[in-house]
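Input: a single structure, listed below in structure tokens.
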Amino acid sequence: MKKHISILMIMAVLAGSCTSDSEFLDREPTNILTQDQIFSDPELPLSILADFYNRYYDFGRLEDWPSVADFNVAYWSEAGRYGHFENTDRGYGDWGTWDYGYIREMNLFMERLQASEGLDETDKTRFLAEARFLRASYYFTLVKRMGGVPLILESETYDFSGDPSYLQHPRETEAAIYDFVISEAEAVKDILPVDANSKSRATKGAALAMEARAALYAGSIANYGQTTPSVSLPGEEVGIPASRAEGYYQTALTAAQAIINGEAGNYSLYTKKPDLSENFASLFYDKSNNPEAIFVEDYKLQSGKVHGFTIANQPRYGAEEEEGGRINPSLSLVEAFETLEGECEPLPITDGSGNYISYENPDDLFDGRDARLEGTVIVPGSTFKGRAVDIWAGVILPDGSIVSGDSRGQQKEFPGSNGQEQVVGFDGPIDGLEFTAQTGFYIRKYQDPKAGSGQRGVQSDVWFIRYRYAEVLLNAAEAAFELGQTDLSAEYMNQVRSRAGITTELTPADITFDKIAHERFVEFAFEGLYFFDLKRWRIAHIVMDGVPMTEQEVTSDVCDVTDRLTQPWGLWPYKISDPGSADDGEWTFRVRKPGRATGADRFRLGNYYSEIGQDILNNNPLIVRNPNQ
Amino acid sequence: MNTKYYILFLGLILSLGSCEIDNYEEPKSLFEGALTYQGDTIRVAQNDVRFQLWQSGFGKEGPLDVHVTQDGSFSSLLFNGDYRLKFIDGQGPFKAISQGGQQGDTIYLNLNGSTNMELEVMPYYMIRNPQISVSGNSVNASIELQQVITGMDARDIEHVTLYLNKTHFVSANGDMNIARGDADLTNMDNLSMMVEIPDNLNQDYLFARVGVKIAGVEDMLFSPLQKLNF
């Protein structure tokens with residue numbers, strides 16, 4: 001009987017199931033949004049844009065501290081990274097990028113946005129302009145690193161016919177990509193808002209700043225590319241004809257002047273604080289009404305988008321975690337900062353007859369220097385977060401011998417000491433000991449002075465400035481100089497220099513290529529721009545020629561940034577112990593090379609444009625290789 | 001006890017059952033040779049110069065890179081077959097020689113068993129008559145340069161340099177380079193260099209080579225390696 005009931009029940013269940021099969025499967029998905037849903041509410045396209053903003057490609061990034069401190073402007077005080085300075089060559093593929101997935105997503109977004117009907121027209125045009133700005137930004141990144149690339153402006157779909165050759169596109173010329181970036185910036189600048197307070201979204205200011213930078217880079221490749229004829233391809237995928245230089249420089253100057261004249265909103269140099277060094281440092285961390293920042297990558301505490309730049313680089317002594325001190329600026333960078341009178345002089349370590357000078361306080365050595373020095377670098381004797389750094393390498397005895405230690409703040413007894421005395425700073429420098437100031441310096445730029453910024457649980461919300469007003473000024477100054485308008489160039493240069501406290505104004509006759517190159521070197525240190533300056537002026541293979549440096553070379557011609565810079569050197573302070581003498585307890589300095597910096601960087605001609613991966617070449621035979629690889 | 005037998009049994013099965021049939025035989029044809037100009041070897045820096053071998057017929061093509069060692073020789077273990085040998089533009093202190101017609105400078109290569117091949121190229125210069133010797137506390141060197149490529153493609157000399165190294169890998173980017181000295185280029189008929197031997201050595205021998213940097217060409221030309229005892 002039971003059996004019959006079961007069979008009946010099964011039959012009943014089966015009978016009931018048949019009718020609604022198709023409807024059962026036809027359901028609205030609950031975990032994804034449809035096109036129509038997305039493009040009807042302005043919040044959703046904005047969140048897609050936010051993803052594009054988040055994927056913006058920067059060369060230097062605060063989340064990746066070595067990226068801002070490469071090319072021997074600093075030594076890296078971290079045990080796992082000394083190999084970088086034992087090496088000579090960089091791979092041809094280094095710095096390469098080829099993210100056509102990113103481009104495809106932006107293309108799809110624009111196509112769907114244009115086809116949508118549910119959105120307000122003003123929202124729609126602004127979103128579209130922002131997406132075009134971001135796509136042009138990425139093409140700018142591509143052309144800077146790879147040269148000319150395929151220009152894909154529509155989404156493409158494979159038809160599964162077995163023949164994908166219609167999806168293969170050749171590389172455009174390098175000039176064509178720069179032209180595209182410039183024309184996109186021109187096209188969107190009047191659609192984007194004129195708003196100097198909007199920093200993290202694209203504005204007219206950001207579009208013009210990008211245009212000025214792109215045109216300047218293109219102009220200098222056209223101009224200086226002539227010095228390295230082998231860095232070019234017959235199809236001009238790499239290399240721009242010299243005849244185009246003037247046009248690009250003119251475009252750069254016009255775009256930069258549009259910002260300078262206030263057409264894009266009220267931007268100006270940051271001058272809030274009376275102490276000029278502090279002013280320069282706070283330009284990078286002051287996020288309220290900062291008139292200098294034009295376009296930034298912003299961070300927010302307790303939002304998940306924070307970075308550990310301060311954790312990585314805070315002075316090790318008194319740090320909020322048991323780490324820090326990684327970026328150690330090199331002596332070559334420190335000495336490149338001029339005196340306040342605008343003179344290029346090596347630091348006065350020795351007097352005219354070669355005897356070492358002694359100083360009462362370690363930071364006296366840096367007195368009277370360009371205010372940007374102490375705004376960029378933490379020098380011995382200065383402070384961070386109100387605490388003095390303790391950078392000194394040892395004690396010098398009257399006979400010239402040195403007593404030092406191999407752990408931070410070690411104590412020893414030595415002739416003339418009062419029992420056990422400290423013989424080395426709590427911040428080092430101790431050669432080979434990570435997190436100590438192995439060049440005698442720490443970085444200050446982009447370090448966050450807020451309490452907690454050095455804690456892993458809190459981190460920092462200091463923004464990374466991609467475009468700032470001082471760069472617009474110096475871009476204008478360089479373009480004006482190349483166009484022969486040295487008076488205009490001097491005017492812009494002087495604005496930047498007087499903000500740094502330099503009292504002597506430049507006259508038009510003073511403006512030279514070296515002067516402009518030097519100004520950019522000190523103003524933009526650790527901002528990710530130096531690498532592209534080296535490349536576009538075609539001096540990278542001269543600056544990094546694989547030949548080790550000598551002490552003599554490090555301390556002479558200190559302002560010439562076209563000189564050799566293949567190794568990061570340091571400057572170590574020592575305390576003089578000579579009881580009874582006037583020098584007792586004073587400080588003296590020695591030039592030192594970090595022991596692990598055994599290699600000497602060599603930038604090969606094939607490094608000017610990154611190698612295009614063999615997988616890409618295999619998939620698309622129309623792509624030509626970059627030269628000299 | 002039981003487990004032990006299971007493991008032994010499994011091991012036996014595995015050792016008998018795997019491999020043999022499904023593996024390719026390893027490549028056995030040795031392709032070796034040297035870069036030459038009229039029979040004279042062209043020496044370069046270790047790992048600086050390479051050329052590529054291409055093979056058709058196996059789907060998408062990808063190159064096999066062959067690196068040239070510092071004495072100008074190369075070697076590569078390959079499968080038998082037809083290859084195309086291509087020099088890369090800008091690689092090496094030389095130009096590839098055109099093979100005529102459609103072929104350009106590509107060299108067709110049929111590999112059947114081990115092959116020794118001299119790859120003839122056109123160097124910008126040849127180093128002739130290199131002399132390196134120790135006298136007292138210094139190393140003296142001299143070379144003569146023969147310009148091979150003249151006319152439109154002729155290149156100047158950027159520097160001629162004597163390198164001393166603790167190891168036998170001597171080139172401009174050698175990490176263990178301990179001294180270098182440039183020749184005076186005002187008289188190209190008399191290129192001589194002199195370098196003091198550093199005094200903090202822990203060995204009584206050094207290796208030396210003279211390198212020639214040609215303007216606009218990255219890879220340098222080198223003289224034969226010489227071991228110096230003192």
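Following the order of the structure tokens, chains are lettered A, B, ..., residues in each are numbered from 1, and ligands are numbered from 1.
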>> Set the distance at 8 Å and use only C-alpha atoms: which residues neighbour region 46-51 of chain A once local chain neighbours fewer than 5 positions away are removed? I'd like the list as a ChimeraX atom specification.
In response: /A:127,130-131
Export, as a PDB file, in the first residue's frame, the selected residues with C-alpha atoms.
ATOM      1  CA  PHE A 127      30.773  61.470 -18.088  1.00  0.00           C
ATOM      2  CA  GLU A 130      35.772  62.341 -18.431  1.00  0.00           C
ATOM      3  CA  ALA A 131      36.037  58.969 -20.141  1.00  0.00           C
TER       4      ALA A 131
END
>> What's around Phe94 (chain B) at 6 Å? Count only C-alpha atoms, leave out sequence neighbours fewer than 4 positions away in its own chain, and write the answer as a PyMOL selection string.
In response: chain B and resi 122-124
For those residues, write N, CA and C atoms to a file as a tab-separated table (two decimals), in the first residue's frame.
chain	number	residue	atom	x	y	z
B	122	MET	N	79.48	42.38	-41.52
B	122	MET	CA	80.31	43.53	-41.85
B	122	MET	C	80.47	44.40	-40.61
B	123	PRO	N	81.60	44.30	-39.91
B	123	PRO	CA	81.79	45.15	-38.74
B	123	PRO	C	82.12	46.58	-39.17
B	124	TYR	N	81.83	47.53	-38.32
B	124	TYR	CA	82.21	48.91	-38.63
B	124	TYR	C	83.74	49.04	-38.62
>> Based on the backbone DSSP call, show me all residues of region 303-440 of chain A assigned helix (DSSP H, G or I), as a count of residues only.
In response: 22
> Could you list, as JSON, numbers by chain, every residue of chain B that has an atom within 8 Å of an atom of chain A, counting only C-alpha atoms?
Replying inline: {"B": [60, 61, 62, 88, 89, 90, 91, 172, 173, 175, 216, 217, 218]}
Go ahead and save the residues from that selection, with N, CA and C atoms, as a PDB file, in the first residue's frame.
ATOM      1  N   LYS B  60      51.698  29.610 -34.375  1.00  0.00           N
ATOM      2  CA  LYS B  60      52.245  30.957 -34.291  1.00  0.00           C
ATOM      3  C   LYS B  60      53.758  30.902 -34.139  1.00  0.00           C
ATOM      4  N   GLU B  61      54.430  31.849 -34.778  1.00  0.00           N
ATOM      5  CA  GLU B  61      55.886  31.829 -34.741  1.00  0.00           C
ATOM      6  C   GLU B  61      56.424  32.637 -33.575  1.00  0.00           C
ATOM      7  N   GLY B  62      57.480  32.144 -33.010  1.00  0.00           N
ATOM      8  CA  GLY B  62      58.193  32.920 -32.010  1.00  0.00           C
ATOM      9  C   GLY B  62      59.667  32.669 -32.205  1.00  0.00           C
ATOM     10  N   ILE B  88      69.216  41.178 -35.521  1.00  0.00           N
ATOM     11  CA  ILE B  88      68.290  42.226 -35.086  1.00  0.00           C
ATOM     12  C   ILE B  88      68.942  43.573 -35.361  1.00  0.00           C
ATOM     13  N   ASP B  89      68.190  44.476 -35.934  1.00  0.00           N
ATOM     14  CA  ASP B  89      68.732  45.813 -36.200  1.00  0.00           C
ATOM     15  C   ASP B  89      69.250  46.436 -34.916  1.00  0.00           C
ATOM     16  N   GLY B  90      70.426  46.994 -34.994  1.00  0.00           N
ATOM     17  CA  GLY B  90      70.967  47.677 -33.825  1.00  0.00           C
ATOM     18  C   GLY B  90      71.650  46.750 -32.843  1.00  0.00           C
ATOM     19  N   GLN B  91      71.651  45.450 -33.099  1.00  0.00           N
ATOM     20  CA  GLN B  91      72.355  44.523 -32.224  1.00  0.00           C
ATOM     21  C   GLN B  91      73.728  44.242 -32.804  1.00  0.00           C
ATOM     22  N   ALA B 172      82.533  46.479 -20.749  1.00  0.00           N
ATOM     23  CA  ALA B 172      82.299  47.799 -20.173  1.00  0.00           C
ATOM     24  C   ALA B 172      81.396  47.714 -18.954  1.00  0.00           C
ATOM     25  N   ASN B 173      80.487  46.738 -18.927  1.00  0.00           N
ATOM     26  CA  ASN B 173      79.564  46.708 -17.810  1.00  0.00           C
ATOM     27  C   ASN B 173      79.902  45.625 -16.793  1.00  0.00           C
ATOM     28  N   ASP B 175      80.815  43.946 -13.567  1.00  0.00           N
ATOM     29  CA  ASP B 175      80.723  44.402 -12.186  1.00  0.00           C
ATOM     30  C   ASP B 175      82.073  44.366 -11.488  1.00  0.00           C
ATOM     31  N   GLY B 216      77.111  55.949 -31.903  1.00  0.00           N
ATOM     32  CA  GLY B 216      75.772  55.588 -32.339  1.00  0.00           C
ATOM     33  C   GLY B 216      75.510  54.094 -32.357  1.00  0.00           C
ATOM     34  N   VAL B 217      76.478  53.291 -31.981  1.00  0.00           N
ATOM     35  CA  VAL B 217      76.288  51.841 -31.917  1.00  0.00           C
ATOM     36  C   VAL B 217      76.523  51.437 -30.475  1.00  0.00           C
ATOM     37  N   GLU B 218      75.571  50.736 -29.902  1.00  0.00           N
ATOM     38  CA  GLU B 218      75.662  50.500 -28.481  1.00  0.00           C
ATOM     39  C   GLU B 218      76.646  49.409 -28.113  1.00  0.00           C
TER      40      GLU B 218
END
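Using only C-alpha atoms, the residues found no farther than 6 Å from Phe74 (chain B), other than those of its own chain fewer than 2 positions away, are Glu32, Gly33, Ala34 and Val68 of chain B.
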Selection file, C-alpha atoms, as a CSV table (one decimal), in the first residue's frame:
chain,number,residue,atom,x,y,z
B,32,GLU,CA,77.6,26.4,-33.1
B,33,GLY,CA,80.0,28.8,-34.7
B,34,ALA,CA,81.3,32.3,-34.5
B,68,VAL,CA,76.9,35.5,-28.6
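Neighbouring residues of Ala215 (chain B) at 8 Å or closer, counting only C-alpha atoms and skipping chain neighbours under 4 positions away, are B:Arg155, B:Asp156, B:Ile157, B:Glu158.
The two atoms in question, CA of Ile152 (chain A) and CA of Tyr609 (chain A), are spaced 20.2 Å apart.
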Could you pull out all residues of region 187-388 of chain A with a DSSP call of strand (DSSP E or B) and give them as a CSV table (one decimal) with C-alpha atoms, in the first residue's frame?
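Heads up, here's the output in out-v1.csv:
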chain,number,residue,atom,x,y,z
A,293,ALA,CA,47.2,70.8,-7.2
A,294,ILE,CA,45.4,70.5,-10.5
A,295,PHE,CA,44.7,66.7,-10.8
A,296,VAL,CA,45.5,64.2,-8.1
A,297,GLU,CA,45.1,60.6,-7.0
A,307,HIS,CA,48.7,54.1,1.3
A,327,ILE,CA,64.1,56.1,0.5
A,328,ASN,CA,67.5,57.7,1.2
A,329,PRO,CA,68.1,60.6,-1.2
A,339,THR,CA,72.2,78.4,-2.6
A,350,THR,CA,86.1,71.1,3.1
A,356,TYR,CA,87.4,69.3,6.7
A,359,TYR,CA,80.0,72.6,12.2
A,369,ARG,CA,70.3,76.5,0.5
A,377,VAL,CA,64.8,65.8,2.1
A,378,ILE,CA,65.2,65.2,5.8
A,383,THR,CA,62.9,67.1,12.5
A,384,PHE,CA,59.9,65.1,11.4
A,387,ARG,CA,61.0,64.7,16.7
A,388,ALA,CA,64.7,65.3,15.8
